[in-house]
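Asks: Got a structure for you, questions after.
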Amino acid sequence: MSRIATLEIEGKKYEFPIIEGTENEIAIDIKTLRGVTGGVTTIDPGYKNTGACESAITFLNGEEGILRYRGYSIEDLAEKADFLEVCYLLIFGELPSKEELDKFHADIKEQSHVDEDVKKIIDGFPKAAHPMGVLSSLTSALVAFNPTSVNVDSEEEMYNAIVRILGKFPVLTAWAYRKRAGLPLDYGDNSLGYVENILKMMFKKPTDEYVANPIVKDALDKLLILHADHEQNCSTSTVRIVGSSNAGLFVSISAGINALWGPLHGGANQAVIEMLEAIKEDGGDTKKFMAKAKDKSDPFRLMGFGHRVYKNFDPRAKIIKVAADELLAELGIDDPILEIAKGLEKEALEDQYFVDRKLYPNVDFYSGIIYRALGIPTEMFTPMFALGRLPGWIAQWREMRLRKEPIGRPRQVYIGETLRDFKSVEKR
Ligand code: CMC
């Protein structure tokens, strides 16, 4: 028997179907609400209670700290898969066979050159430009260099756009870094694996050979996997909503990059390290920063803490904390910031303010410590997040297209002036 929800508005009752997901999440389907009620709408700023779509990509249970891509647990994937396999899994729904993976990689490599004229655009940016701004601009600019518009109803054309962006985006990310570092804008080496090649593109000096340390490569692989998708977060929702206007993949991704940049979202990884540095500079007094975070008259928040969905623990943070410990030990790095982070976490987890609000370390709390150990500068942390999130954005864009979702267009409740007469400027 179909389940229904009954809504009573000013004495009149309306019925709406209840839908159920494969993990038993239930939702009230209010598609007909305005029609049947004669214009009543709902209001939910920040979409805290609103499902924007049905999706088969990522399952997240914030109460139990569960994260799965296409049914596979994040713990399993982080330990056993590599990033390119996860890209394929997220985008196409299944883990690839060896042949499928080889073809996918070959198609991506085929697209890994970027028009030399892109270097002229990079030349136009000041050296101090934040790489997130550079990256979003260059991703938009890819459209100008690939001007044939993609028929978003054709699976083949979507596939071509997907391998194109997977091929070019790491080059753009590396170039955004190399510009800042004053290094020549080079290409990588297509005989290498996808992640190894990213490291080479970033760090190869013109005078030296570059061979990635396998420990570094494995750590980056893991970080990228952990960031690869997170269902309908701010940047992913942005990608879906921009794409819903039939805008192409590159510009939808570019919009996602800008959404990710904010310090409440992906920009938190940079903000965490800046905060930990500030605590260190200040003599290591974590209590002072805890007090600031709890003071409602102070806008300061403990960066890397709290999450809209996770109210118990963030499974990604758990994996990253262990990985950070292992990596620093393996590389023989003694980073005082790691100790400050651990101390801060311990204090926060025992503090009533954080306990009451269910605030736990999130993915960004320890990731910056790993990036630092890999030699990646602070301003590049959020671009690295973008690199990891790319397959998620692509998968969500593709799903939105295949499901033929309508253009995204929320409603509002107007609270401004009602009709008034225009007064000419002399009478105002
Ligand atoms: N430090 C201090 N107080 C906090 C924090 C924090 N990091 N996060 C939330 N709170 C408080 C907040 O002030 C509010 O208190 P009250 O109920 O007294 O008004 C309560 O906890 C609920 O916060 P909220 O802002 O309503 O929660 P939200 O779901 O809208 O925001 C969040 C989630 C992640 C934006 C927020 O926790 C935050 O700003 N965290 C710091 C930034 C950060 O680490 N962002 C990365 C998120 S994970 C990766 C990603 O998404 O990119």
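Convention: chains lettered A, B, ... in structure tokens order; per-chain residue numbering from 1; ligands numbered from 1 as shown.
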Go through the chains and note each residue within 9 Å of ligand 1, using only C-alpha atoms and all ligand atoms, then give the set as a CSV table (one decimal) with N, CA and C atoms, in the first residue's frame.
Replies:
```csv
chain,number,residue,atom,x,y,z
A,46,GLY,N,18.9,27.4,3.3
A,46,GLY,CA,20.0,26.5,3.5
A,46,GLY,C,19.7,25.1,3.1
A,48,LYS,N,18.0,22.8,4.7
A,48,LYS,CA,18.4,21.9,5.7
A,48,LYS,C,17.5,20.6,5.7
A,227,HIS,N,37.8,12.8,-1.0
A,227,HIS,CA,37.2,14.0,-1.4
A,227,HIS,C,36.2,13.9,-2.6
A,230,HIS,N,30.4,13.9,-2.2
A,230,HIS,CA,29.7,14.0,-0.9
A,230,HIS,C,28.3,14.4,-1.1
A,233,ASN,N,26.2,18.6,-1.5
A,233,ASN,CA,26.9,19.7,-0.8
A,233,ASN,C,26.8,21.0,-1.7
A,234,CYS,N,27.3,22.1,-1.1
A,234,CYS,CA,27.2,23.4,-1.8
A,234,CYS,C,27.7,23.4,-3.2
A,235,SER,N,28.9,22.9,-3.4
A,235,SER,CA,29.5,23.0,-4.8
A,235,SER,C,28.8,22.1,-5.7
A,260,LEU,N,33.1,26.0,-4.1
A,260,LEU,CA,34.0,25.3,-3.1
A,260,LEU,C,35.0,26.2,-2.4
A,261,TRP,N,35.3,27.3,-3.1
A,261,TRP,CA,36.3,28.2,-2.6
A,261,TRP,C,36.0,28.7,-1.2
A,262,GLY,N,34.7,28.9,-0.8
A,262,GLY,CA,34.3,29.6,0.4
A,262,GLY,C,34.9,28.9,1.6
A,263,PRO,N,35.2,29.6,2.7
A,263,PRO,CA,35.8,29.0,3.9
A,263,PRO,C,34.9,28.1,4.7
A,264,LEU,N,33.6,28.2,4.4
A,264,LEU,CA,32.6,27.3,5.1
A,264,LEU,C,32.6,25.9,4.4
A,265,HIS,N,33.1,25.9,3.2
A,265,HIS,CA,33.1,24.7,2.4
A,265,HIS,C,34.6,24.2,2.2
A,266,GLY,N,35.0,24.1,0.9
A,266,GLY,CA,36.3,23.5,0.7
A,266,GLY,C,37.5,24.5,1.1
A,267,GLY,N,37.2,25.8,1.2
A,267,GLY,CA,38.2,26.7,1.6
A,267,GLY,C,38.6,26.5,3.1
A,268,ALA,N,37.8,25.6,3.8
A,268,ALA,CA,38.2,25.4,5.2
A,268,ALA,C,39.5,24.7,5.4
A,269,ASN,N,40.0,24.0,4.4
A,269,ASN,CA,41.3,23.3,4.6
A,269,ASN,C,42.4,24.3,4.7
A,271,ALA,N,41.9,27.4,5.7
A,271,ALA,CA,41.6,28.2,6.9
A,271,ALA,C,42.1,27.4,8.1
A,272,VAL,N,42.0,26.1,8.1
A,272,VAL,CA,42.4,25.3,9.3
A,272,VAL,C,43.9,25.5,9.5
A,290,MET,N,39.5,28.4,21.5
A,290,MET,CA,38.2,27.7,21.9
A,290,MET,C,37.2,28.7,22.4
A,292,LYS,N,37.1,31.9,21.8
A,292,LYS,CA,36.7,32.7,20.7
A,292,LYS,C,35.6,32.0,19.9
A,293,ALA,N,35.8,30.7,19.6
A,293,ALA,CA,34.9,29.9,18.8
A,293,ALA,C,33.5,29.9,19.5
A,294,LYS,N,33.5,29.9,20.8
A,294,LYS,CA,32.2,29.8,21.6
A,294,LYS,C,31.5,31.1,21.8
A,295,ASP,N,32.3,32.2,21.6
A,295,ASP,CA,31.8,33.5,21.9
A,295,ASP,C,30.9,34.0,20.7
A,296,LYS,N,29.6,34.1,21.0
A,296,LYS,CA,28.6,34.5,20.0
A,296,LYS,C,28.8,35.9,19.4
A,299,PRO,N,32.9,36.4,15.4
A,299,PRO,CA,32.5,35.6,14.2
A,299,PRO,C,33.4,34.4,14.0
A,300,PHE,N,34.5,34.3,14.8
A,300,PHE,CA,35.5,33.2,14.6
A,300,PHE,C,34.8,31.9,14.9
A,301,ARG,N,35.1,30.9,14.0
A,301,ARG,CA,34.6,29.5,14.2
A,301,ARG,C,35.8,28.6,14.2
A,302,LEU,N,35.7,27.5,14.9
A,302,LEU,CA,36.8,26.6,14.9
A,302,LEU,C,36.8,25.9,13.5
A,303,MET,N,37.7,26.3,12.7
A,303,MET,CA,37.7,25.8,11.3
A,303,MET,C,38.0,24.3,11.3
A,304,GLY,N,37.4,23.6,10.4
A,304,GLY,CA,37.6,22.1,10.3
A,304,GLY,C,36.7,21.4,11.3
A,305,PHE,N,35.8,22.1,12.0
A,305,PHE,CA,34.9,21.5,12.9
A,305,PHE,C,33.4,21.7,12.5
A,306,GLY,N,32.6,20.7,12.7
A,306,GLY,CA,31.2,20.8,12.4
A,306,GLY,C,30.9,20.4,11.0
A,307,HIS,N,29.7,19.9,10.8
A,307,HIS,CA,29.2,19.5,9.5
A,307,HIS,C,27.7,19.5,9.4
A,308,ARG,N,27.2,19.9,8.3
A,308,ARG,CA,25.7,20.0,8.1
A,308,ARG,C,25.1,18.6,8.3
A,309,VAL,N,25.8,17.6,7.9
A,309,VAL,CA,25.1,16.3,7.9
A,309,VAL,C,25.7,15.3,9.0
A,310,TYR,N,27.0,15.3,9.2
A,310,TYR,CA,27.6,14.4,10.2
A,310,TYR,C,27.3,15.0,11.6
A,314,ASP,N,32.8,12.3,11.2
A,314,ASP,CA,33.0,12.4,9.8
A,314,ASP,C,34.0,11.2,9.5
A,353,TYR,N,30.0,22.9,24.9
A,353,TYR,CA,29.5,23.7,23.7
A,353,TYR,C,29.6,22.8,22.4
A,354,PHE,N,30.7,22.1,22.2
A,354,PHE,CA,30.9,21.3,21.0
A,354,PHE,C,30.1,20.0,21.1
A,356,ASP,N,27.2,19.6,22.9
A,356,ASP,CA,25.8,19.9,22.7
A,356,ASP,C,25.4,20.1,21.2
A,357,ARG,N,26.3,20.7,20.5
A,357,ARG,CA,26.0,21.0,19.1
A,357,ARG,C,26.5,19.9,18.1
A,358,LYS,N,27.0,18.8,18.7
A,358,LYS,CA,27.5,17.7,17.9
A,358,LYS,C,28.5,18.1,16.8
A,359,LEU,N,29.5,18.9,17.3
A,359,LEU,CA,30.6,19.4,16.4
A,359,LEU,C,31.8,18.5,16.5
A,360,TYR,N,32.2,17.9,15.4
A,360,TYR,CA,33.3,17.0,15.3
A,360,TYR,C,34.3,17.4,14.2
A,361,PRO,N,35.5,16.9,14.3
A,361,PRO,CA,36.4,17.3,13.2
A,361,PRO,C,35.9,16.8,11.8
A,362,ASN,N,35.9,17.6,10.8
A,362,ASN,CA,35.5,17.2,9.5
A,362,ASN,C,36.7,16.9,8.6
A,363,VAL,N,36.4,16.6,7.3
A,363,VAL,CA,37.4,16.2,6.4
A,363,VAL,C,38.6,17.2,6.3
A,364,ASP,N,38.3,18.4,6.5
A,364,ASP,CA,39.3,19.5,6.3
A,364,ASP,C,40.2,19.7,7.5
A,365,PHE,N,39.9,19.0,8.6
A,365,PHE,CA,40.7,19.3,9.8
A,365,PHE,C,42.1,18.8,9.7
A,385,PHE,N,41.5,19.9,-3.3
A,385,PHE,CA,40.1,19.5,-3.0
A,385,PHE,C,39.3,19.4,-4.3
```
Asks: Within range 66-233 of chain A, find each residue whose DSSP state, derived from the backbone, is alpha helix (DSSP H), and express the selection as a ChimeraX atom specification.
Replies: /A:74-80,83-92,98-110,118-124,131-145,155-181,194-203,214-227
Asks: Which is closer to Asp351 in chain A than all the others in A:Ile198, A:Ala323, A:Leu89, A:Ala291, using only C-alpha atoms?
Replies: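 Among A:Ile198, A:Ala323, A:Leu89, A:Ala291, it is A:Ala291 that comes nearest to Asp351 in chain A.
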Asks: I want to know what sits within 12 Å of Thr378 in chain A, based on only C-alpha atoms, with residues of the same chain fewer than 4 positions away left out; could you give that as a list in words?
Replies: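 Those residues are His130, Pro131, Met132, Tyr177, Arg180, Gly267, Ala268, Asn269, Gln270, Ala271, Val272, Ile273, Glu274, Met275, Leu276, Glu277, Ser367, Gly368, Ile369, Ile370, Tyr371, Arg372, Ala373, Leu374, Thr382, Pro383, Met384 and Phe385 of chain A.
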Asks: Restrict the selected residues to N, CA, C and O atoms and save them as a compact mmCIF listing (two decimals), in the first residue's frame.
Replies:
```txt
# COMPACT_ATOMS: atom_id res chain seq x y z
N HIS A 130 44.96 34.13 -6.24
CA HIS A 130 44.67 32.85 -5.56
C HIS A 130 44.41 31.78 -6.63
O HIS A 130 43.64 32.00 -7.57
N PRO A 131 45.04 30.61 -6.49
CA PRO A 131 44.89 29.58 -7.53
C PRO A 131 43.45 29.12 -7.74
O PRO A 131 43.13 28.62 -8.82
N MET A 132 42.55 29.29 -6.75
CA MET A 132 41.16 28.89 -6.98
C MET A 132 40.52 29.79 -8.03
O MET A 132 39.75 29.34 -8.89
N TYR A 177 49.45 26.26 -9.92
CA TYR A 177 50.49 26.19 -8.88
C TYR A 177 51.83 26.67 -9.42
O TYR A 177 52.54 27.46 -8.79
N ARG A 180 52.40 30.40 -9.67
CA ARG A 180 52.71 31.01 -8.37
C ARG A 180 54.12 30.69 -7.91
O ARG A 180 54.80 31.50 -7.31
N GLY A 267 37.18 25.77 1.20
CA GLY A 267 38.21 26.71 1.64
C GLY A 267 38.59 26.51 3.10
O GLY A 267 39.57 27.09 3.58
N ALA A 268 37.84 25.64 3.80
CA ALA A 268 38.15 25.40 5.22
C ALA A 268 39.51 24.75 5.39
O ALA A 268 40.18 24.97 6.40
N ASN A 269 39.97 23.96 4.39
CA ASN A 269 41.26 23.28 4.61
C ASN A 269 42.40 24.29 4.71
O ASN A 269 43.31 24.13 5.53
N GLN A 270 42.33 25.34 3.90
CA GLN A 270 43.34 26.41 4.01
C GLN A 270 43.17 27.15 5.35
O GLN A 270 44.13 27.43 6.06
N ALA A 271 41.89 27.44 5.67
CA ALA A 271 41.60 28.19 6.90
C ALA A 271 42.06 27.43 8.15
O ALA A 271 42.48 28.03 9.14
N VAL A 272 41.98 26.09 8.11
CA VAL A 272 42.41 25.28 9.27
C VAL A 272 43.90 25.49 9.52
O VAL A 272 44.32 25.76 10.66
N ILE A 273 44.68 25.37 8.47
CA ILE A 273 46.14 25.50 8.65
C ILE A 273 46.48 26.92 9.10
O ILE A 273 47.33 27.11 9.98
N GLU A 274 45.78 27.91 8.54
CA GLU A 274 46.05 29.30 8.96
C GLU A 274 45.70 29.46 10.44
O GLU A 274 46.41 30.14 11.18
N MET A 275 44.61 28.81 10.85
CA MET A 275 44.21 28.88 12.27
C MET A 275 45.26 28.18 13.15
O MET A 275 45.67 28.72 14.18
N LEU A 276 45.69 27.00 12.74
CA LEU A 276 46.68 26.27 13.55
C LEU A 276 48.00 27.03 13.62
O LEU A 276 48.65 27.09 14.67
N GLU A 277 48.37 27.66 12.52
CA GLU A 277 49.60 28.49 12.49
C GLU A 277 49.45 29.65 13.47
O GLU A 277 50.37 29.97 14.21
N SER A 367 43.35 17.24 6.70
CA SER A 367 43.84 17.08 5.32
C SER A 367 45.00 18.04 5.03
O SER A 367 45.97 17.68 4.36
N GLY A 368 44.92 19.27 5.57
CA GLY A 368 45.98 20.25 5.31
C GLY A 368 47.33 19.79 5.84
O GLY A 368 48.37 20.09 5.25
N ILE A 369 47.28 19.01 6.94
CA ILE A 369 48.55 18.52 7.51
C ILE A 369 49.20 17.55 6.53
O ILE A 369 50.42 17.55 6.34
N ILE A 370 48.36 16.75 5.86
CA ILE A 370 48.91 15.83 4.85
C ILE A 370 49.44 16.64 3.65
O ILE A 370 50.55 16.41 3.18
N TYR A 371 48.65 17.60 3.19
CA TYR A 371 49.11 18.40 2.03
C TYR A 371 50.45 19.06 2.33
O TYR A 371 51.34 19.09 1.48
N ARG A 372 50.57 19.60 3.56
CA ARG A 372 51.86 20.23 3.94
C ARG A 372 53.00 19.24 3.85
O ARG A 372 54.07 19.54 3.31
N ALA A 373 52.73 18.02 4.36
CA ALA A 373 53.78 17.00 4.36
C ALA A 373 54.15 16.61 2.92
O ALA A 373 55.27 16.19 2.65
N LEU A 374 53.18 16.74 2.00
CA LEU A 374 53.47 16.39 0.60
C LEU A 374 54.17 17.54 -0.13
O LEU A 374 54.49 17.44 -1.30
N THR A 382 42.84 24.07 -1.41
CA THR A 382 41.46 24.01 -1.93
C THR A 382 41.46 23.57 -3.40
O THR A 382 40.60 22.76 -3.80
N PRO A 383 42.43 24.02 -4.24
CA PRO A 383 42.51 23.42 -5.58
C PRO A 383 42.70 21.89 -5.55
O PRO A 383 42.15 21.18 -6.40
N MET A 384 43.43 21.39 -4.55
CA MET A 384 43.59 19.92 -4.46
C MET A 384 42.25 19.26 -4.12
O MET A 384 41.93 18.19 -4.61
N PHE A 385 41.48 19.93 -3.29
CA PHE A 385 40.12 19.46 -2.97
C PHE A 385 39.30 19.41 -4.27
O PHE A 385 38.61 18.44 -4.58
```
Asks: Of the residues A:Thr286, A:Thr139, A:Ser244, A:Asn151, which is the one nearest to Asn258 in chain A, using only C-alpha atoms?
Replies: A:Thr139
Asks: Any idea what's packed within 10 Å of range 103-115 of chain A, counting only C-alpha atoms, ignoring anything in its chain fewer than 5 positions away? Could you give it as a ChimeraX atom specification?
Replies: /A:84-85,87-88,96-98,120,142,145-146,159-172,187-194
Asks: Using 10 Å as the limit and counting only C-alpha atoms, can you tabulate each residue of range 22-125 of chain A that touches range 390-400 of chain A, with its shortest atom-to-atom distance in Å and the two atoms involved, as a Markdown table?
Replies:
```
| residue | atom | partner | partner_atom | distance |
| --- | --- | --- | --- | --- |
| A:Cys53 | CA | A:Met400 | CA | 8.5 |
| A:Glu54 | CA | A:Met400 | CA | 9.3 |
| A:Ser55 | CA | A:Glu399 | CA | 7.6 |
| A:Ala56 | CA | A:Glu399 | CA | 8.4 |
| A:Ile57 | CA | A:Gln396 | CA | 7.5 |
| A:Thr58 | CA | A:Gly392 | CA | 9.0 |
| A:Tyr69 | CA | A:Gly392 | CA | 9.6 |
| A:Phe83 | CA | A:Pro391 | CA | 9.4 |
| A:Leu84 | CA | A:Pro391 | CA | 9.1 |
| A:Val86 | CA | A:Pro391 | CA | 8.1 |
| A:Cys87 | CA | A:Pro391 | CA | 5.1 |
| A:Tyr88 | CA | A:Pro391 | CA | 7.9 |
| A:Leu89 | CA | A:Ala395 | CA | 9.1 |
| A:Leu90 | CA | A:Ala395 | CA | 5.8 |
| A:Ile91 | CA | A:Ala395 | CA | 4.1 |
| A:Phe92 | CA | A:Ala395 | CA | 7.4 |
| A:Gly93 | CA | A:Ala395 | CA | 8.8 |
```
